Structure formats: C-alpha cells, structure tokens
Amino acid sequence: MSRAGAGDAARYALLSIVTAVATMLLKFGAWRISGSVGLLSDAFESLVNLGAAVVAFLTLRLAAQPPDHEHAFGHGKAEYFSSGFEGALIFLAALGIVCAAWPRLLHPQPLEQTGFGLMVAVVAALLNLAVARLLLRVGRERRSPALEADGRHLLSDVWTTAGIVVAVGVVALTGWLRLDALIAIAVALYLLWTGARLLREAAGGLMDRAWPAAERARLEQVLDGYRAEGIAFHAIRTRMSGSHRFVSLHVLVPGAWSVQHGHDLVERLEVELAGHLGPLAVFTHLEPIEDPAAQDEHRLERDAP
C-alpha cells in the first residue's frame with residue numbers, strides 16, 4: 001500500500017471512531033433503560049471499540065509516513081501495535097464485565113423496559129454491521145492489518161449484540177434473572193478469546209511472519225518460469241510489515257554472464273514479481289551458479305562475529 005493509500009486508510013479509521021462513539025452512547029443508553037448487565041457487557045465492548053479505533057487511526061497515520069534515516073524500511077509495523085493494543089483493551093473490558101456481572105449472579109435484580117432497551121441495542125448493531133463490512137473490504141484492498149482487525153472486531157461485536165438481545169429477551173419472557181448475568185460472563189469469555197487472537201496476530205507481525213501460503217505459492221510459480229531457463233534460487237525469505245511486503249532471494253546464474261546480463265535478468269524478475277503479486281520490495285543477490293560457496297545460504301550468518 002502506498003503512503004497515499006495508508007493516509008486514505010486512516011480516514012476510514014476516523015469513520016470507525018465516529019461509529020464507536022455513536023454505538024457506545026446507544027448501548028450505554030440501552031443498559032440505563034433496562035438495567036441489564038448483559039447489555040452493560042455489550043456497552044463495555046463498544047468502549048473497547050472506541051479505544052481500538054483511536055489507536056488504529058494514530059498508527060495508520062504513523063504507518064503512512066515515508067521511510068526516514070532511522071526507519072529505512074518504513075513505519076508499516078506500527079499497524080501491529082494497533083492490534084496488540086486492541087487485544088489488551090479487550091482483556092480489560094472482559095475483567096470489567098465479570099466484576100459487574102458477578103454480584104448480579106449472586107443477587108439477581110429485575111429488568112426494566114427491556115423492549116425499548118433491546119431496540120436501541122439493535123440500532124447500534126446495525127450501525128456496527130455497516131461499518132464493519134466497509135472496514136473489512138477496504139482493509140483487504142489496502143492490505144491494512146489495523147483496518148482488518150478493527151473490522152473483524154466490529155463484526156464480532158455485531159454477533160455478540162445479537163446473542164445478547166436474544167438472551168435478554170428470553171430473560172424478560174421467562175423471568176430467569178440469573179441468565180442475564182450468565183450472558184454477561186459468557187460475553188467476557190468470548191472477549192478473552194478474541195483478545196488472545198488479536199495479540200497472537202500482532203506478535204506474529206512484529207516477529208516478521210512470512211507471507212501467507214497462497215502468496216508464497218504465487219511467488220514460487222513465477223520463479224519456476226526462470227528455473228526452466230536454468231536459473232536457480234535459494235535463501236528465499238518473505239516478510240510483512242503492516243501493508244508492506246518484502247522478499248529477498250539469491251539468484252544463481254552462469255558465472256560467464258556479464259554484470260549487465262545478470263542485472264537485466266533481475267530487473268525482469270522484479271517487474272514480473274510485482275506484476276503477479278502487486279507492490280512489494282524485492283532484494284536480490286546475484287551469484288555464480290558454479291561456485292560451491294554460492295550454494296551455502298547460511299554462510300554469512302554462521303560466520304558473523
């Protein structure tokens with residue numbers, strides 16, 4: 001994703017902030033109207049959405065900055081901090097939900113005006129659904145982990161709200177008041193699972209996780225065309241940094257080739273890779289295929305002091 005694309009993604013994160021504020025107010029209103037801790041747990045999750053959207057906006061702004069002297073590969077990894085921060089916020093929200101629900105589990109209290117409260121919660125869920133679908137589409141188009149994480153969280157919030165609305169409706173119909181607290185605790189457990197998944201994804205990105213298998217297969221497909229011409233490759237390494245992708249590889253060609261011949265080959269390779277895989281940074285190292293030392297891709301790492 002270009003810097004202009006990253007800046008555009010930040011504007012979508014700003015939309016997520018506005019949506020989070022609106023749904024948070026609606027859900028806390030639904031809780032105040034009904035007194036349901038199930039709806040309160042939903043409101044806590046919308047508070048997480050707001051914090052996550054703010055951090056996503058800030059990290060996307062940072063990721064859009066061009067490379068500089070201290071960050072020659074750009075600032076793309078900043079997006080993973082958004083996912084990690086969101087995961088941490090979710091853990092805190094889950095703890096707050098349990099603290100609010102446990103007393104109600106021990107000492108149930110009647111609910112009030114559940115019909116109006118549930119209607120407000122449904123409006124908030126529909127608003128989240130519309131924005132979640134937009135963020136997921138834009139996040140995939142721009143290869144933005146921050147937008148995709150925000151979109152997935154909003155979508156999970158929609159399903160959480162739907163379950164809570166149904167369950168609170170059952171409480172209102174049956175009078176089984178403890179179910180309200182059990183709903184809230186179930187939401188807290190679901191949030192813990194979601195938070196752990198986001199933290200795992202953030203850690204994978206910060207640790208230079210390789211490209212997805214489908215993209216690596218497309219890379220190998222391009223290289224196979226050159227292998228048919230007698231060119232060999234090794235030390236093929238891929239990594240992602242936010243929306244940016246990097247690949248480095250050693251290109252083994254006949255030692256009798258001129259420098260110009262080898263240069264023309266890698267130029268053609270880089271153009272073809274970009275044509276099949278989209279924008280990416282390619283780092284090549286040209287070696288003579290007859291030299292046994294060229295086959296040892298780990299020599300420099302092993303011999304380093």
# chains A, B, ... in the order shown; residues from 1 in each chain; ligands from 1
>>> residues_around(residues="Ala202 in chain A", least_positions_apart="4", cutoff="7 Å", atoms="only C-alpha atoms", output="PyMOL selection string")
chain A and resi 80-81+83-84+198+206
>>> write_last_selection(atoms="C-alpha atoms", output="PDB file, in the first residue's frame")
ATOM      1  CA  TYR A  80       0.585  -4.261  14.575  1.00  0.00           C
ATOM      2  CA  PHE A  81       0.653  -2.117  17.714  1.00  0.00           C
ATOM      3  CA  SER A  83      -3.968  -4.969  17.017  1.00  0.00           C
ATOM      4  CA  GLY A  84      -1.928  -5.591  20.161  1.00  0.00           C
ATOM      5  CA  LEU A 198      -5.506 -10.322  18.256  1.00  0.00           C
ATOM      6  CA  LEU A 206       6.172  -7.947  14.840  1.00  0.00           C
TER       7      LEU A 206
END
>>> residues_around(residues="Ala232 in chain A", least_positions_apart="3", cutoff="9 Å", atoms="only C-alpha atoms", output="list of chain:residue names")
A:Leu223, A:Tyr226, A:Arg227, A:Glu229, A:His250, A:Val251, A:Leu252, A:Val253, A:Ile289
>>> write_last_selection(atoms="N, CA and C atoms", output="compact mmCIF listing (two decimals), in the first residue's frame")
# COMPACT_ATOMS: atom_id res chain seq x y z
N LEU A 223 8.97 -17.93 -10.03
CA LEU A 223 10.36 -18.40 -10.04
C LEU A 223 10.52 -19.67 -10.87
N TYR A 226 11.61 -19.12 -14.37
CA TYR A 226 13.04 -18.83 -14.54
C TYR A 226 13.88 -20.09 -14.33
N ARG A 227 13.42 -20.97 -13.44
CA ARG A 227 14.15 -22.22 -13.25
C ARG A 227 14.18 -23.03 -14.55
N GLU A 229 14.63 -21.85 -17.33
CA GLU A 229 15.69 -21.27 -18.17
C GLU A 229 17.08 -21.58 -17.63
N HIS A 250 18.48 -15.11 -3.34
CA HIS A 250 19.73 -15.20 -4.08
C HIS A 250 19.41 -15.77 -5.47
N VAL A 251 19.97 -15.14 -6.49
CA VAL A 251 19.73 -15.55 -7.87
C VAL A 251 21.04 -16.12 -8.42
N LEU A 252 21.04 -17.40 -8.78
CA LEU A 252 22.25 -18.09 -9.26
C LEU A 252 22.21 -18.19 -10.78
N VAL A 253 23.20 -17.57 -11.44
CA VAL A 253 23.26 -17.54 -12.91
C VAL A 253 24.62 -18.05 -13.36
N ILE A 289 26.44 -19.70 -10.45
CA ILE A 289 25.84 -20.98 -10.11
C ILE A 289 26.89 -22.08 -9.94
>>> closest_residue(among="A:Lys77, A:Arg216, A:Lys27, A:Arg209", to="Leu118 in chain A", atoms="only C-alpha atoms")
A:Lys27
>>> residues_around(residues="Ser248 in chain A", least_positions_apart="2", cutoff="12 Å", atoms="only C-alpha atoms", output="MDAnalysis selection string")
chainID A and resid 210 219 233:240 245:246 250:251 266 270 273 280:286 297
>>> closest_residue(among="A:Leu60, A:Trp211, A:Ser258, A:Ser16", to="Arg142 in chain A", atoms="only C-alpha atoms")
A:Leu60
>>> residues_around(residues="Ala184 in chain A", least_positions_apart="5", cutoff="7 Å", atoms="only C-alpha atoms", output="PyMOL selection string")
chain A and resi 37-38+41+97+101
>>> residues_around(residues="Glu148 in chain A", least_positions_apart="2", cutoff="10 Å", atoms="only C-alpha atoms", output="number ranges by chain")
A: 83, 132-146, 150-154
>>> write_last_selection(atoms="N, CA and C atoms", output="mmCIF file, in the first residue's frame")
data_model
loop_
_atom_site.group_PDB
_atom_site.id
_atom_site.type_symbol
_atom_site.label_atom_id
_atom_site.label_comp_id
_atom_site.auth_asym_id
_atom_site.auth_seq_id
_atom_site.Cartn_x
_atom_site.Cartn_y
_atom_site.Cartn_z
ATOM 1 N N SER A 83 -3.351 -3.681 16.683
ATOM 2 C CA SER A 83 -3.968 -4.969 17.017
ATOM 3 C C SER A 83 -3.613 -5.399 18.433
ATOM 4 N N ALA A 132 -18.431 -2.295 9.794
ATOM 5 C CA ALA A 132 -17.540 -3.459 9.797
ATOM 6 C C ALA A 132 -17.333 -3.987 8.382
ATOM 7 N N ARG A 133 -18.399 -4.094 7.611
ATOM 8 C CA ARG A 133 -18.281 -4.585 6.234
ATOM 9 C C ARG A 133 -17.415 -3.644 5.396
ATOM 10 N N LEU A 134 -17.574 -2.345 5.617
ATOM 11 C CA LEU A 134 -16.771 -1.381 4.874
ATOM 12 C C LEU A 134 -15.295 -1.485 5.254
ATOM 13 N N LEU A 135 -14.998 -1.578 6.555
ATOM 14 C CA LEU A 135 -13.609 -1.651 7.005
ATOM 15 C C LEU A 135 -12.928 -2.931 6.517
ATOM 16 N N LEU A 136 -13.647 -4.056 6.539
ATOM 17 C CA LEU A 136 -13.067 -5.307 6.068
ATOM 18 C C LEU A 136 -12.743 -5.235 4.580
ATOM 19 N N ARG A 137 -13.643 -4.640 3.805
ATOM 20 C CA ARG A 137 -13.387 -4.537 2.361
ATOM 21 C C ARG A 137 -12.189 -3.628 2.083
ATOM 22 N N VAL A 138 -12.165 -2.475 2.710
ATOM 23 C CA VAL A 138 -11.068 -1.529 2.482
ATOM 24 C C VAL A 138 -9.758 -2.099 3.031
ATOM 25 N N GLY A 139 -9.817 -2.771 4.192
ATOM 26 C CA GLY A 139 -8.611 -3.345 4.782
ATOM 27 C C GLY A 139 -7.983 -4.393 3.887
ATOM 28 N N ARG A 140 -8.815 -5.229 3.245
ATOM 29 C CA ARG A 140 -8.276 -6.240 2.331
ATOM 30 C C ARG A 140 -7.703 -5.588 1.082
ATOM 31 N N GLU A 141 -8.399 -4.585 0.561
ATOM 32 C CA GLU A 141 -7.924 -3.914 -0.657
ATOM 33 C C GLU A 141 -6.585 -3.232 -0.428
ATOM 34 N N ARG A 142 -6.405 -2.645 0.757
ATOM 35 C CA ARG A 142 -5.195 -1.885 1.053
ATOM 36 C C ARG A 142 -4.191 -2.666 1.883
ATOM 37 N N ARG A 143 -4.475 -3.933 2.141
ATOM 38 C CA ARG A 143 -3.584 -4.796 2.927
ATOM 39 C C ARG A 143 -3.224 -4.134 4.266
ATOM 40 N N SER A 144 -4.256 -3.687 4.973
ATOM 41 C CA SER A 144 -4.044 -2.979 6.239
ATOM 42 C C SER A 144 -4.457 -3.871 7.417
ATOM 43 N N PRO A 145 -3.497 -4.398 8.191
ATOM 44 C CA PRO A 145 -3.843 -5.204 9.366
ATOM 45 C C PRO A 145 -4.675 -4.445 10.379
ATOM 46 N N ALA A 146 -4.414 -3.146 10.537
ATOM 47 C CA ALA A 146 -5.151 -2.356 11.522
ATOM 48 C C ALA A 146 -6.626 -2.238 11.149
ATOM 49 N N ASP A 150 -9.806 -4.019 13.090
ATOM 50 C CA ASP A 150 -10.919 -3.198 13.564
ATOM 51 C C ASP A 150 -12.233 -3.697 12.978
ATOM 52 N N GLY A 151 -12.226 -4.034 11.687
ATOM 53 C CA GLY A 151 -13.433 -4.534 11.049
ATOM 54 C C GLY A 151 -13.890 -5.868 11.625
ATOM 55 N N ARG A 152 -12.928 -6.789 11.864
ATOM 56 C CA ARG A 152 -13.292 -8.084 12.444
ATOM 57 C C ARG A 152 -13.852 -7.923 13.852
ATOM 58 N N HIS A 153 -13.268 -6.998 14.607
ATOM 59 C CA HIS A 153 -13.772 -6.787 15.961
ATOM 60 C C HIS A 153 -15.183 -6.218 15.939
ATOM 61 N N LEU A 154 -15.436 -5.262 15.039
ATOM 62 C CA LEU A 154 -16.786 -4.715 14.933
ATOM 63 C C LEU A 154 -17.789 -5.785 14.517
#
>>> select_by_dssp(residues="range 88-240 of chain A", states="helix (DSSP H, G or I)", output="count of residues only")
121
>>> closest_residue(among="A:Trp102, A:Tyr12, A:Trp176, A:Trp159", to="Glu45 in chain A", atoms="only C-alpha atoms")
A:Trp159
>>> residues_around(residues="Cys99 in chain A", least_positions_apart="2", cutoff="12 Å", atoms="only C-alpha atoms", output="PDB file with N, CA and C atoms, in the first residue's frame")
ATOM      1  N   VAL A  37     -27.240  -6.335  32.902  1.00  0.00           N
ATOM      2  CA  VAL A  37     -25.780  -6.414  32.844  1.00  0.00           C
ATOM      3  C   VAL A  37     -25.330  -7.082  31.546  1.00  0.00           C
ATOM      4  N   LEU A  40     -24.998  -4.188  29.523  1.00  0.00           N
ATOM      5  CA  LEU A  40     -23.835  -3.447  30.009  1.00  0.00           C
ATOM      6  C   LEU A  40     -22.548  -4.056  29.445  1.00  0.00           C
ATOM      7  N   SER A  41     -22.490  -5.381  29.375  1.00  0.00           N
ATOM      8  CA  SER A  41     -21.298  -6.028  28.817  1.00  0.00           C
ATOM      9  C   SER A  41     -21.114  -5.634  27.354  1.00  0.00           C
ATOM     10  N   PHE A  44     -19.610  -2.210  27.318  1.00  0.00           N
ATOM     11  CA  PHE A  44     -18.175  -2.256  27.602  1.00  0.00           C
ATOM     12  C   PHE A  44     -17.393  -2.585  26.340  1.00  0.00           C
ATOM     13  N   LEU A  92      -9.072  -6.058  29.406  1.00  0.00           N
ATOM     14  CA  LEU A  92      -9.543  -5.175  30.476  1.00  0.00           C
ATOM     15  C   LEU A  92     -11.074  -5.098  30.485  1.00  0.00           C
ATOM     16  N   ALA A  93     -11.680  -5.032  29.288  1.00  0.00           N
ATOM     17  CA  ALA A  93     -13.139  -4.987  29.206  1.00  0.00           C
ATOM     18  C   ALA A  93     -13.760  -6.264  29.760  1.00  0.00           C
ATOM     19  N   ALA A  94     -13.154  -7.406  29.444  1.00  0.00           N
ATOM     20  CA  ALA A  94     -13.667  -8.679  29.958  1.00  0.00           C
ATOM     21  C   ALA A  94     -13.632  -8.703  31.483  1.00  0.00           C
ATOM     22  N   LEU A  95     -12.551  -8.184  32.064  1.00  0.00           N
ATOM     23  CA  LEU A  95     -12.448  -8.125  33.527  1.00  0.00           C
ATOM     24  C   LEU A  95     -13.532  -7.232  34.109  1.00  0.00           C
ATOM     25  N   GLY A  96     -13.774  -6.078  33.475  1.00  0.00           N
ATOM     26  CA  GLY A  96     -14.823  -5.177  33.954  1.00  0.00           C
ATOM     27  C   GLY A  96     -16.204  -5.805  33.875  1.00  0.00           C
ATOM     28  N   ILE A  97     -16.457  -6.576  32.814  1.00  0.00           N
ATOM     29  CA  ILE A  97     -17.758  -7.237  32.665  1.00  0.00           C
ATOM     30  C   ILE A  97     -17.977  -8.258  33.779  1.00  0.00           C
ATOM     31  N   ALA A 101     -20.928  -8.361  36.473  1.00  0.00           N
ATOM     32  CA  ALA A 101     -21.919  -9.438  36.383  1.00  0.00           C
ATOM     33  C   ALA A 101     -21.950 -10.332  37.618  1.00  0.00           C
ATOM     34  N   TRP A 102     -20.813 -10.510  38.291  1.00  0.00           N
ATOM     35  CA  TRP A 102     -20.764 -11.467  39.407  1.00  0.00           C
ATOM     36  C   TRP A 102     -21.746 -11.128  40.526  1.00  0.00           C
ATOM     37  N   PRO A 103     -21.834  -9.865  40.981  1.00  0.00           N
ATOM     38  CA  PRO A 103     -22.833  -9.563  42.024  1.00  0.00           C
ATOM     39  C   PRO A 103     -24.268  -9.848  41.571  1.00  0.00           C
ATOM     40  N   ARG A 104     -24.561  -9.594  40.294  1.00  0.00           N
ATOM     41  CA  ARG A 104     -25.900  -9.878  39.778  1.00  0.00           C
ATOM     42  C   ARG A 104     -26.175 -11.378  39.716  1.00  0.00           C
ATOM     43  N   LEU A 105     -25.127 -12.170  39.526  1.00  0.00           N
ATOM     44  CA  LEU A 105     -25.312 -13.614  39.518  1.00  0.00           C
ATOM     45  C   LEU A 105     -25.682 -14.099  40.921  1.00  0.00           C
ATOM     46  N   LEU A 106     -25.066 -13.501  41.937  1.00  0.00           N
ATOM     47  CA  LEU A 106     -25.351 -13.886  43.321  1.00  0.00           C
ATOM     48  C   LEU A 106     -26.652 -13.272  43.815  1.00  0.00           C
ATOM     49  N   ALA A 181     -26.950 -12.352  34.054  1.00  0.00           N
ATOM     50  CA  ALA A 181     -25.546 -12.330  34.492  1.00  0.00           C
ATOM     51  C   ALA A 181     -24.728 -13.388  33.762  1.00  0.00           C
ATOM     52  N   ALA A 184     -23.632 -12.099  30.445  1.00  0.00           N
ATOM     53  CA  ALA A 184     -22.512 -11.169  30.531  1.00  0.00           C
ATOM     54  C   ALA A 184     -21.191 -11.912  30.714  1.00  0.00           C
ATOM     55  N   ILE A 185     -21.195 -12.951  31.546  1.00  0.00           N
ATOM     56  CA  ILE A 185     -19.969 -13.716  31.772  1.00  0.00           C
ATOM     57  C   ILE A 185     -19.557 -14.461  30.500  1.00  0.00           C
ATOM     58  N   ALA A 188     -17.835 -12.080  28.328  1.00  0.00           N
ATOM     59  CA  ALA A 188     -16.468 -11.838  28.811  1.00  0.00           C
ATOM     60  C   ALA A 188     -15.523 -12.940  28.343  1.00  0.00           C
TER      61      ALA A 188
END
>>> residues_around(residues="Ala20 in chain A", least_positions_apart="3", cutoff="12 Å", atoms="only C-alpha atoms", output="ChimeraX atom specification")
/A:13-17,23-28,43-54,124-125,127-129,131-132,150-151,153-154,157
>>> closest_residue(among="A:Ser156, A:Leu249, A:Pro292, A:Leu89", to="Gly195 in chain A", atoms="only C-alpha atoms")
A:Leu89
>>> closest_residue(among="A:Val120, A:Val21, A:Leu147, A:Ala10", to="Ala64 in chain A", atoms="only C-alpha atoms")
A:Ala10
>>> closest_residue(among="A:Val247, A:Val222, A:Ile90, A:Ala78", to="Arg197 in chain A", atoms="only C-alpha atoms")
A:Ile90
